[in-house]
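> Input: one structure, supplied below.
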Amino acid sequence: MLIVRATRKLLAHLGPPGLRDSHRCTTKLGQWYANVLPWRPRVTLLVNEATLLPVLMPMAPSATWASRIGDQVAAVLHAHDAPAEFIAEERAHMRECVLGATANRSVVGVMNEFAFLADLHRENAQAVDLLELAVRLAATPCGPLYRRHVSPDRELAAALRTLSA
């Protein structure tokens, strides 16, 4: 089961949170945070709580949004050279998704910084490839990672080494 901690803005589009105390995240990377970017067409920014890895995906159609998260996360993991077995396992655990409210202000702050940087990159490009932009954002140094691996791409690589050991 995947737990997505959504901002109020995103919950306004998707509906109320259904997270209960009995729900447990079964993905190895843990919970994800999400917000909607006011682009046309709308885009959702997801950030992994443990690694701060960013993922961008189209918002529409919102009725299938939760079921599409696994595919987009898998694409980003593949772009970061994650092992195929790991990607398949994460994707399988993401088939069931439950929404909750945000609970970690540090991750929300990083998500806001990524949204700002994504806007800058989008303004400077003719066309925006969401996968390419997510990979580019993952190289951004993040304050919460300074004592470990500095950027989400390096944090993910270290997490993958630890999980495969």
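Residues in the structure tokens are named by chain (A, B, ... in the order shown) and by number from 1 within that chain; ligands are numbered from 1 in the order shown.
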If DSSP is run on the backbone, what residues of chain A are helix (DSSP H, G or I)? A reply as JSON, numbers by chain would be ideal.
{"A": [8, 9, 10, 11, 12, 13, 14, 62, 63, 64, 65, 66, 67, 68, 69, 70, 71, 72, 73, 74, 75, 76, 77, 78, 79, 84, 85, 86, 87, 88, 89, 90, 91, 92, 93, 105, 106, 107, 108, 109, 110, 111, 112, 113, 114, 115, 116, 117, 118, 119, 120, 121, 122, 123, 130, 131, 132, 133, 134, 135, 136, 137, 143, 144, 145, 152, 153, 154, 155, 156, 157, 158, 159, 160, 161, 162, 163, 164]}
> Kindly export the residues of the current selection with C-alpha atoms, as a CSV table (one decimal), in the first residue's frame.

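The resulting out-v1.csv:
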chain,number,residue,atom,x,y,z
A,8,ARG,CA,-5.0,20.9,0.9
A,9,LYS,CA,-4.8,22.2,-2.6
A,10,LEU,CA,-4.5,18.7,-4.1
A,11,LEU,CA,-7.1,17.2,-1.7
A,12,ALA,CA,-9.5,19.8,-3.1
A,13,HIS,CA,-9.1,18.2,-6.5
A,14,LEU,CA,-9.0,14.5,-5.4
A,62,SER,CA,-8.0,13.0,-11.7
A,63,ALA,CA,-10.2,9.9,-11.5
A,64,THR,CA,-7.2,7.7,-12.4
A,65,TRP,CA,-4.5,9.8,-10.7
A,66,ALA,CA,-3.8,7.4,-7.9
A,67,SER,CA,-3.6,4.4,-10.2
A,68,ARG,CA,-1.0,6.1,-12.4
A,69,ILE,CA,1.4,7.0,-9.6
A,70,GLY,CA,3.2,3.6,-9.8
A,71,ASP,CA,3.9,3.9,-13.5
A,72,GLN,CA,5.4,7.4,-13.2
A,73,VAL,CA,7.5,6.6,-10.1
A,74,ALA,CA,8.7,3.5,-12.0
A,75,ALA,CA,9.7,5.7,-14.9
A,76,VAL,CA,11.7,8.0,-12.7
A,77,LEU,CA,13.3,5.1,-10.8
A,78,HIS,CA,14.3,3.6,-14.2
A,79,ALA,CA,15.8,6.9,-15.2
A,84,ALA,CA,14.4,-3.7,-12.4
A,85,GLU,CA,13.4,-6.0,-9.5
A,86,PHE,CA,13.2,-3.1,-7.1
A,87,ILE,CA,11.1,-1.1,-9.5
A,88,ALA,CA,8.7,-4.0,-10.1
A,89,GLU,CA,8.3,-4.5,-6.3
A,90,GLU,CA,7.7,-0.8,-5.6
A,91,ARG,CA,5.2,-0.7,-8.5
A,92,ALA,CA,3.3,-3.7,-7.1
A,93,HIS,CA,3.1,-2.1,-3.7
A,105,ARG,CA,6.8,20.4,7.1
A,106,SER,CA,10.4,19.8,6.0
A,107,VAL,CA,9.2,17.7,3.1
A,108,VAL,CA,6.5,20.3,2.2
A,109,GLY,CA,9.2,23.0,2.2
A,110,VAL,CA,11.4,20.9,-0.2
A,111,MET,CA,8.3,20.3,-2.4
A,112,ASN,CA,7.7,24.1,-2.5
A,113,GLU,CA,11.3,24.6,-3.6
A,114,PHE,CA,11.0,22.0,-6.3
A,115,ALA,CA,7.8,23.7,-7.5
A,116,PHE,CA,9.6,27.0,-7.8
A,117,LEU,CA,12.6,25.5,-9.6
A,118,ALA,CA,10.2,23.5,-11.9
A,119,ASP,CA,8.5,26.8,-12.8
A,120,LEU,CA,11.9,28.4,-13.7
A,121,HIS,CA,12.9,25.4,-15.9
A,122,ARG,CA,9.5,25.4,-17.6
A,123,GLU,CA,9.8,29.2,-18.4
A,130,LEU,CA,8.1,15.8,-17.1
A,131,LEU,CA,10.5,12.9,-16.7
A,132,GLU,CA,13.5,14.9,-17.8
A,133,LEU,CA,12.5,17.7,-15.5
A,134,ALA,CA,12.1,15.3,-12.5
A,135,VAL,CA,15.6,13.9,-13.1
A,136,ARG,CA,17.0,17.4,-13.4
A,137,LEU,CA,15.3,18.5,-10.1
A,143,GLY,CA,19.0,21.2,3.1
A,144,PRO,CA,17.6,18.1,4.9
A,145,LEU,CA,20.1,15.9,3.0
A,152,PRO,CA,17.8,13.3,-3.9
A,153,ASP,CA,19.5,11.4,-6.7
A,154,ARG,CA,22.5,10.6,-4.5
A,155,GLU,CA,20.2,9.8,-1.6
A,156,LEU,CA,18.3,7.4,-3.8
A,157,ALA,CA,21.5,5.7,-4.9
A,158,ALA,CA,22.6,5.3,-1.3
A,159,ALA,CA,19.1,4.0,-0.3
A,160,LEU,CA,19.2,1.4,-3.2
A,161,ARG,CA,22.6,0.2,-2.1
A,162,THR,CA,21.4,-0.2,1.5
A,163,LEU,CA,18.2,-1.9,0.4
A,164,SER,CA,20.0,-4.4,-1.9
> If you run DSSP over the backbone, which residues in segment 27-131 of chain A end up strand (DSSP E or B)? Put them as a list of chain:residue names.
A:Trp32, A:Tyr33, A:Ala34, A:Asn35, A:Val36, A:Leu37, A:Val43, A:Thr44, A:Leu45, A:Leu46, A:Val47, A:Asn48, A:Pro54, A:Val55, A:Leu56, A:Met57, A:Pro58, A:Cys97, A:Val98, A:Leu99, A:Gly100, A:Ala101
> Closest to Tyr146 of chain A among A:Thr51, A:Ala60, A:Glu96, A:Ala82, using only C-alpha atoms?
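Closest residue, counting only C-alpha atoms: A:Thr51.
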> Between atom CA of Leu29 of chain A and atom CA of Thr7 of chain A, measure the distance and give it in Å to one decimal.
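One can read the atom CA of Leu29 of chain A to atom CA of Thr7 of chain A distance as 19.7 Å.
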> Point out the residue among A:Val128, A:Val4, A:Pro83, A:Ser151 with the least atom-to-atom distance to His23 of chain A, counting only C-alpha atoms.
A:Val4
> Could you work out how far atom CA of Thr102 of chain A lies from atom CA of Pro38 of chain A, giving the answer in Å with one decimal?
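So the answer is 18.8 Å.
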> Residues near segment 18-21 of chain A, anyone? I mean within 6 Å using only C-alpha atoms, not counting same-chain ones fewer than 2 positions away, as a PyMOL selection string.
chain A and resi 23+98-100
> So the first atom is atom CA of Ser22 of chain A and the second is atom CA of Ala103 of chain A; what is the distance between them in Å, to one decimal place?
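Atom-to-atom, atom CA of Ser22 of chain A to atom CA of Ala103 of chain A, that is 16.4 Å.
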